[in-house]
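One file, coords16.cif, is given below (mmCIF, C-alpha atoms).
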```cif
data_model
#
loop_
_atom_site.label_atom_id
_atom_site.label_comp_id
_atom_site.auth_asym_id
_atom_site.auth_seq_id
_atom_site.Cartn_x
_atom_site.Cartn_y
_atom_site.Cartn_z
CA MET A 1 -63.83 39.48 -8.29
CA ARG A 2 -60.68 41.12 -9.69
CA ASN A 3 -58.82 40.30 -6.46
CA ILE A 4 -59.63 36.59 -6.77
CA PHE A 5 -58.43 36.46 -10.39
CA LEU A 6 -55.27 38.38 -9.42
CA ALA A 7 -54.51 35.93 -6.63
CA VAL A 8 -54.97 32.96 -8.93
CA SER A 9 -52.73 34.49 -11.61
CA MET A 10 -50.05 35.16 -8.98
CA ALA A 11 -50.25 31.56 -7.82
CA LEU A 12 -49.83 30.23 -11.35
CA ALA A 13 -47.01 32.58 -12.30
CA ALA A 14 -44.26 30.82 -10.36
CA PRO A 15 -43.19 27.24 -9.70
CA VAL A 16 -44.81 25.58 -6.72
CA LEU A 17 -42.70 24.86 -3.66
CA VAL A 18 -43.85 22.12 -1.36
CA GLY A 19 -43.10 21.70 2.34
CA ALA A 20 -41.93 18.45 3.78
CA ASN A 21 -45.52 17.63 4.67
CA GLY A 22 -46.85 18.71 1.28
CA ASN A 23 -48.46 21.92 2.55
CA TRP A 24 -46.71 24.95 4.05
CA ASN A 25 -49.96 25.88 5.83
CA ALA A 26 -49.13 23.15 8.32
CA THR A 27 -45.76 24.71 9.20
CA VAL A 28 -46.07 26.95 12.27
CA ALA A 29 -43.33 28.30 14.53
CA GLU A 30 -43.10 30.77 17.37
CA THR A 31 -40.84 33.71 16.54
CA ALA A 32 -39.14 36.32 18.70
CA GLY A 33 -42.18 38.56 18.35
CA GLY A 34 -45.11 36.41 17.31
CA HIS A 35 -46.04 33.30 15.32
CA ARG A 36 -45.10 32.46 11.74
CA LEU A 37 -47.15 30.42 9.29
CA GLY A 38 -45.47 28.97 6.21
CA ASN A 39 -42.08 28.43 4.64
CA PRO A 40 -39.33 29.99 6.81
CA GLU A 41 -37.29 30.49 3.63
CA ALA A 42 -40.13 32.14 1.70
CA LYS A 43 -39.15 34.91 -0.70
CA VAL A 44 -41.73 37.20 0.89
CA LYS A 45 -42.21 37.49 4.63
CA LEU A 46 -45.38 39.34 5.53
CA THR A 47 -45.78 40.62 9.08
CA GLU A 48 -49.26 41.49 10.36
CA TRP A 49 -49.92 43.55 13.48
CA VAL A 50 -53.39 42.69 14.68
CA SER A 51 -55.74 43.96 17.35
CA TYR A 52 -58.52 41.49 18.10
CA THR A 53 -60.98 44.32 18.78
CA CYS A 54 -60.23 46.02 15.45
CA SER A 55 -63.07 45.51 12.95
CA HIS A 56 -60.71 46.12 10.02
CA CYS A 57 -58.48 43.30 11.29
CA ALA A 58 -61.46 40.94 11.33
CA HIS A 59 -62.37 42.02 7.81
CA PHE A 60 -58.80 41.46 6.62
CA GLU A 61 -58.79 37.96 8.12
CA GLN A 62 -62.00 37.12 6.31
CA GLU A 63 -60.88 38.50 2.95
CA SER A 64 -57.33 37.13 2.99
CA GLN A 65 -58.06 33.56 4.14
CA GLY A 66 -58.38 32.04 0.68
CA PRO A 67 -55.99 33.97 -1.59
CA LEU A 68 -53.25 34.46 1.01
CA LYS A 69 -53.19 31.28 3.06
CA LEU A 70 -54.61 28.74 0.63
CA LEU A 71 -52.56 29.95 -2.33
CA LEU A 72 -49.52 32.06 -1.50
CA VAL A 73 -48.60 30.55 1.86
CA ARG A 74 -49.49 27.04 0.78
CA ASP A 75 -47.07 27.00 -2.14
CA GLY A 76 -44.18 28.38 -0.07
CA ARG A 77 -43.63 31.81 -1.62
CA VAL A 78 -45.11 33.83 1.25
CA ALA A 79 -44.77 33.32 5.00
CA VAL A 80 -47.05 35.21 7.38
CA GLU A 81 -46.06 36.32 10.86
CA VAL A 82 -48.78 37.53 13.23
CA ARG A 83 -47.83 39.96 15.98
CA HIS A 84 -50.11 41.45 18.62
CA PHE A 85 -51.06 45.11 18.80
CA VAL A 86 -52.53 45.46 22.30
CA ARG A 87 -55.05 48.29 22.59
CA ASP A 88 -57.24 47.22 25.48
CA PRO A 89 -57.91 44.47 28.07
CA ILE A 90 -59.81 42.33 25.55
CA ASP A 91 -56.84 42.34 23.16
CA LEU A 92 -54.52 41.30 25.96
CA THR A 93 -56.84 38.53 27.15
CA ILE A 94 -57.22 36.96 23.71
CA ALA A 95 -53.51 37.32 22.97
CA ALA A 96 -52.74 35.54 26.24
CA ILE A 97 -55.14 32.72 25.36
CA THR A 98 -53.81 32.16 21.84
CA ASN A 99 -50.22 32.18 23.12
CA CYS A 100 -50.99 29.50 25.70
CA LEU A 101 -51.89 27.03 22.99
CA PRO A 102 -49.38 24.76 21.25
CA ASP A 103 -47.82 26.52 18.26
CA SER A 104 -49.69 24.20 15.88
CA LYS A 105 -53.03 25.53 17.19
CA PHE A 106 -52.19 29.24 17.32
CA PHE A 107 -53.42 30.26 13.87
CA ALA A 108 -56.68 28.32 14.12
CA ALA A 109 -57.55 30.03 17.41
CA HIS A 110 -56.32 33.41 16.15
CA SER A 111 -58.60 33.15 13.13
CA ALA A 112 -61.53 31.83 15.17
CA PHE A 113 -61.46 34.83 17.50
CA LEU A 114 -61.30 37.31 14.61
CA LEU A 115 -64.02 35.62 12.56
CA SER A 116 -66.35 35.54 15.59
CA GLN A 117 -65.50 39.10 16.62
CA GLU A 118 -68.98 40.45 15.96
CA LYS A 119 -70.52 38.04 18.49
CA TRP A 120 -68.21 38.65 21.44
CA MET A 121 -67.89 42.37 20.74
CA ALA A 122 -71.68 42.61 21.02
CA LYS A 123 -71.34 41.08 24.50
CA ALA A 124 -68.56 43.56 25.31
CA ARG A 125 -70.73 46.51 24.31
CA ALA A 126 -73.53 45.18 26.52
CA THR A 127 -71.40 45.06 29.68
CA ASN A 128 -71.99 47.59 32.43
CA ARG A 129 -69.59 49.99 34.12
CA ALA A 130 -68.98 47.65 37.06
CA GLN A 131 -67.96 44.81 34.75
CA GLN A 132 -65.61 47.02 32.76
CA GLN A 133 -64.09 48.30 36.00
CA ARG A 134 -63.05 44.73 36.83
CA TRP A 135 -61.18 44.58 33.52
CA THR A 136 -58.85 47.43 34.47
CA SER A 137 -58.34 47.20 38.23
CA GLY A 138 -56.82 44.66 40.57
CA ALA A 139 -54.33 41.89 39.84
CA ILE A 140 -53.67 41.10 36.19
CA PRO A 141 -54.93 37.46 36.34
CA ALA A 142 -58.20 38.64 37.90
CA ARG A 143 -58.62 41.27 35.16
CA LEU A 144 -58.14 38.76 32.37
CA ARG A 145 -60.41 36.19 33.99
CA ALA A 146 -63.11 38.86 34.30
CA VAL A 147 -62.86 39.60 30.57
CA ALA A 148 -62.94 35.90 29.71
CA ASN A 149 -65.96 35.34 31.93
CA ASP A 150 -67.96 38.35 30.73
CA LEU A 151 -67.37 37.57 27.05
CA ASP A 152 -67.91 33.80 27.37
CA PHE A 153 -64.36 32.92 26.35
CA TYR A 154 -64.41 29.95 28.74
CA GLU A 155 -67.16 28.34 26.68
CA PHE A 156 -65.49 29.44 23.45
CA MET A 157 -62.23 27.74 24.34
CA GLU A 158 -63.83 24.68 25.91
CA GLY A 159 -65.16 23.86 22.46
CA ARG A 160 -61.56 24.03 21.24
CA GLY A 161 -60.06 21.69 23.81
CA MET A 162 -59.07 24.12 26.59
CA GLY A 163 -61.00 23.58 29.82
CA ARG A 164 -61.70 26.16 32.52
CA THR A 165 -58.86 25.04 34.79
CA GLU A 166 -56.35 25.18 31.96
CA LEU A 167 -57.60 28.58 30.83
CA ASP A 168 -57.41 29.96 34.38
CA ARG A 169 -53.84 28.72 34.60
CA CYS A 170 -53.08 30.38 31.28
CA LEU A 171 -54.51 33.75 32.35
CA SER A 172 -52.57 33.56 35.63
CA ASP A 173 -49.20 33.52 33.87
CA GLU A 174 -48.21 37.14 34.48
CA ASN A 175 -44.79 36.73 32.90
CA ARG A 176 -46.35 35.64 29.61
CA VAL A 177 -48.95 38.41 29.74
CA ARG A 178 -46.36 41.11 30.45
CA ALA A 179 -44.13 39.78 27.68
CA ILE A 180 -46.98 40.08 25.17
CA ALA A 181 -47.76 43.65 26.27
CA ASN A 182 -44.10 44.65 26.24
CA GLN A 183 -43.53 43.17 22.77
CA SER A 184 -46.53 45.06 21.45
CA GLN A 185 -45.23 48.33 22.85
CA ALA A 186 -41.73 47.67 21.53
CA ASP A 187 -43.08 47.03 18.01
CA ILE A 188 -45.26 50.15 18.11
CA GLN A 189 -42.21 52.24 18.90
CA LYS A 190 -39.75 50.47 16.59
CA PHE A 191 -42.00 50.53 13.51
CA SER A 192 -43.95 53.71 14.37
CA LEU A 193 -47.21 51.79 14.14
CA ALA A 194 -50.20 54.13 14.09
CA GLY A 195 -53.03 51.61 14.03
CA THR A 196 -54.27 48.23 12.91
CA PRO A 197 -54.01 46.29 10.83
CA SER A 198 -50.48 47.28 9.88
CA PHE A 199 -48.09 45.30 7.69
CA ALA A 200 -44.41 44.91 6.94
CA ILE A 201 -42.95 43.12 3.93
CA ASN A 202 -39.53 41.61 4.42
CA GLY A 203 -39.06 43.69 7.56
CA LYS A 204 -40.03 47.06 6.08
CA LEU A 205 -43.27 48.74 7.12
CA ALA A 206 -45.69 49.05 4.21
CA ASP A 207 -46.86 52.66 4.45
CA GLY A 208 -50.53 53.23 3.69
CA VAL A 209 -51.27 49.50 3.48
CA HIS A 210 -54.14 48.56 5.76
CA ASP A 211 -56.43 46.17 3.87
CA TRP A 212 -56.25 43.02 1.77
CA SER A 213 -56.48 44.83 -1.57
CA ALA A 214 -53.42 46.94 -0.76
CA VAL A 215 -51.53 43.99 0.74
CA GLN A 216 -52.26 41.91 -2.34
CA LYS A 217 -50.90 44.65 -4.61
CA ALA A 218 -47.76 44.97 -2.47
CA LEU A 219 -47.20 41.21 -2.57
CA GLU A 220 -47.70 41.18 -6.34
CA ASP A 221 -45.04 43.87 -6.74
CA VAL A 222 -42.49 41.82 -4.79
CA LEU A 223 -43.36 38.45 -6.33
#
```
Give the structure from the file, written as structure tokens.
Amino acid sequence: MRNIFLAVSMALAAPVLVGANGNWNATVAETAGGHRLGNPEAKVKLTEWVSYTCSHCAHFEQESQGPLKLLLVRDGRVAVEVRHFVRDPIDLTIAAITNCLPDSKFFAAHSAFLLSQEKWMAKARATNRAQQQRWTSGAIPARLRAVANDLDFYEFMEGRGMGRTELDRCLSDENRVRAIANQSQADIQKFSLAGTPSFAINGKLADGVHDWSAVQKALEDVL
């Protein structure tokens, strides 16, 4: 409860900035390393490194939705950039899928995968050795398609406007897939990332900050 009151007080403490469309939550752009949501000139630029198979990342997404996106991003004081932290074939598959979408749909799909993590992770835990072997051997497109098939991502994305043919084409783009994996590795080395979720504020890694409560306190200090 304290966190909600703190977020509201932060939102009321400064003048409201309004995007050209009246809501900075509708402003999305691809960056050199990920996707940014919000005012590109925001005083605070929060970078999130996310692994889709990380339960703490899913919990952060759930907790931060209201106070971060509906208050701080909306009024233009905070912009959020999401970058991928690739730990396994599932991470890479979902990252490839979200990056195939138009920029305007990235954050909705990103959030949808995290908020439904419990369902598709249960399917992942139920797979057998032969299925998991297909995720890590053979050509990259075949690996990603195996993950998508075993975890029902085809059905998941069909409900979001991406049909099977389009998704297959997406997962066959090896250049895009390799770029995502390479960017993840580059960020891990550059920022000495030890795990997920990890955060940077205005380009500086926030040491010891791994959940919404700590992020909220760090944002309060800057704002």
- Message: Set the distance at 9 Å and use only C-alpha atoms: which residues neighbour region 30-45 of chain A once local chain neighbours fewer than 3 positions away are removed? I'd like the list as an NGL selection string.
- Response: :A and (18-19 or 23-27 or 69 or 73-84 or 99 or 103 or 106-107 or 180 or 183-184 or 187 or 200-203 or 219 or 222-223)
Generate the output file for the selected residues, C-alpha atoms, as a CSV table (one decimal), keeping the file's coordinate frame.
```
chain,number,residue,atom,x,y,z
A,18,VAL,CA,-43.8,22.1,-1.4
A,19,GLY,CA,-43.1,21.7,2.3
A,23,ASN,CA,-48.5,21.9,2.6
A,24,TRP,CA,-46.7,25.0,4.0
A,25,ASN,CA,-50.0,25.9,5.8
A,26,ALA,CA,-49.1,23.2,8.3
A,27,THR,CA,-45.8,24.7,9.2
A,69,LYS,CA,-53.2,31.3,3.1
A,73,VAL,CA,-48.6,30.6,1.9
A,74,ARG,CA,-49.5,27.0,0.8
A,75,ASP,CA,-47.1,27.0,-2.1
A,76,GLY,CA,-44.2,28.4,-0.1
A,77,ARG,CA,-43.6,31.8,-1.6
A,78,VAL,CA,-45.1,33.8,1.2
A,79,ALA,CA,-44.8,33.3,5.0
A,80,VAL,CA,-47.0,35.2,7.4
A,81,GLU,CA,-46.1,36.3,10.9
A,82,VAL,CA,-48.8,37.5,13.2
A,83,ARG,CA,-47.8,40.0,16.0
A,84,HIS,CA,-50.1,41.4,18.6
A,99,ASN,CA,-50.2,32.2,23.1
A,103,ASP,CA,-47.8,26.5,18.3
A,106,PHE,CA,-52.2,29.2,17.3
A,107,PHE,CA,-53.4,30.3,13.9
A,180,ILE,CA,-47.0,40.1,25.2
A,183,GLN,CA,-43.5,43.2,22.8
A,184,SER,CA,-46.5,45.1,21.4
A,187,ASP,CA,-43.1,47.0,18.0
A,200,ALA,CA,-44.4,44.9,6.9
A,201,ILE,CA,-43.0,43.1,3.9
A,202,ASN,CA,-39.5,41.6,4.4
A,203,GLY,CA,-39.1,43.7,7.6
A,219,LEU,CA,-47.2,41.2,-2.6
A,222,VAL,CA,-42.5,41.8,-4.8
A,223,LEU,CA,-43.4,38.4,-6.3
```
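Using only C-alpha atoms, the shortest contact distance between Pro89 (chain A) and any of A:Arg134, A:Lys105, A:Lys119, A:Arg169 is found at A:Arg134.
Listed by chain and then by number, the residues chosen by the PyMOL selection byres ((chain A and resi 170-175) around 10) in this file are Leu92, Thr93, Ile94, Ala96, Ile97, Thr98, Asn99, Cys100, Leu101, Ala139, Ile140, Pro141, Ala142, Arg143, Leu144, Arg145, Ala148, Met162, Arg164, Thr165, Glu166, Leu167, Asp168, Arg169, Arg176, Val177, Arg178, Ala179 and Ile180 of chain A.
If you look at CA of Gln132 (chain A) and CA of Ala186 (chain A), they are 26.4 Å away from each other.
Take the PyMOL selection byres ((chain A and resi 123) around 12) and apply it to this file: it picks Ile90, Ser116, Gln117, Glu118, Lys119, Trp120, Met121, Ala122, Ala124, Arg125, Ala126, Thr127, Asn128, Gln131, Gln132, Val147, Ala148, Asn149, Asp150, Leu151, Asp152 and Phe153 of chain A.
The nearest approach to Ala181 (chain A) among the residues A:Phe85, A:Phe156, A:Phe199, A:Trp212, with all atoms listed in the file taken into account, belongs to A:Phe85.
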- Task: Carefully work through the PyMOL selection byres ((chain A and resi 63) around 12) for this structure and note down the residues it includes, as number ranges by chain.
- Result: A: 1, 3-4, 7, 56-62, 64-70, 111, 114-115, 211-216
Using the selection just defined, write its residues with C-alpha atoms as a PDB file, keeping the file's coordinate frame.
```
ATOM      1  CA  MET A   1     -63.830  39.480  -8.290  1.00  0.00           C
ATOM      2  CA  ASN A   3     -58.820  40.300  -6.460  1.00  0.00           C
ATOM      3  CA  ILE A   4     -59.630  36.590  -6.770  1.00  0.00           C
ATOM      4  CA  ALA A   7     -54.510  35.930  -6.630  1.00  0.00           C
ATOM      5  CA  HIS A  56     -60.710  46.120  10.020  1.00  0.00           C
ATOM      6  CA  CYS A  57     -58.480  43.300  11.290  1.00  0.00           C
ATOM      7  CA  ALA A  58     -61.460  40.940  11.330  1.00  0.00           C
ATOM      8  CA  HIS A  59     -62.370  42.020   7.810  1.00  0.00           C
ATOM      9  CA  PHE A  60     -58.800  41.460   6.620  1.00  0.00           C
ATOM     10  CA  GLU A  61     -58.790  37.960   8.120  1.00  0.00           C
ATOM     11  CA  GLN A  62     -62.000  37.120   6.310  1.00  0.00           C
ATOM     12  CA  SER A  64     -57.330  37.130   2.990  1.00  0.00           C
ATOM     13  CA  GLN A  65     -58.060  33.560   4.140  1.00  0.00           C
ATOM     14  CA  GLY A  66     -58.380  32.040   0.680  1.00  0.00           C
ATOM     15  CA  PRO A  67     -55.990  33.970  -1.590  1.00  0.00           C
ATOM     16  CA  LEU A  68     -53.250  34.460   1.010  1.00  0.00           C
ATOM     17  CA  LYS A  69     -53.190  31.280   3.060  1.00  0.00           C
ATOM     18  CA  LEU A  70     -54.610  28.740   0.630  1.00  0.00           C
ATOM     19  CA  SER A 111     -58.600  33.150  13.130  1.00  0.00           C
ATOM     20  CA  LEU A 114     -61.300  37.310  14.610  1.00  0.00           C
ATOM     21  CA  LEU A 115     -64.020  35.620  12.560  1.00  0.00           C
ATOM     22  CA  ASP A 211     -56.430  46.170   3.870  1.00  0.00           C
ATOM     23  CA  TRP A 212     -56.250  43.020   1.770  1.00  0.00           C
ATOM     24  CA  SER A 213     -56.480  44.830  -1.570  1.00  0.00           C
ATOM     25  CA  ALA A 214     -53.420  46.940  -0.760  1.00  0.00           C
ATOM     26  CA  VAL A 215     -51.530  43.990   0.740  1.00  0.00           C
ATOM     27  CA  GLN A 216     -52.260  41.910  -2.340  1.00  0.00           C
TER      28      GLN A 216
END
```
- Query: Hey, which of A:Ala112, A:Val28, A:Ala146, A:Leu205 ends up closest to Glu48 (chain A)? Count only C-alpha atoms.
  - Reply: A:Leu205
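Atom pair CA of Met157 (chain A) / CA of Ala95 (chain A) has a distance of 13.0 Å (rounded to one decimal).
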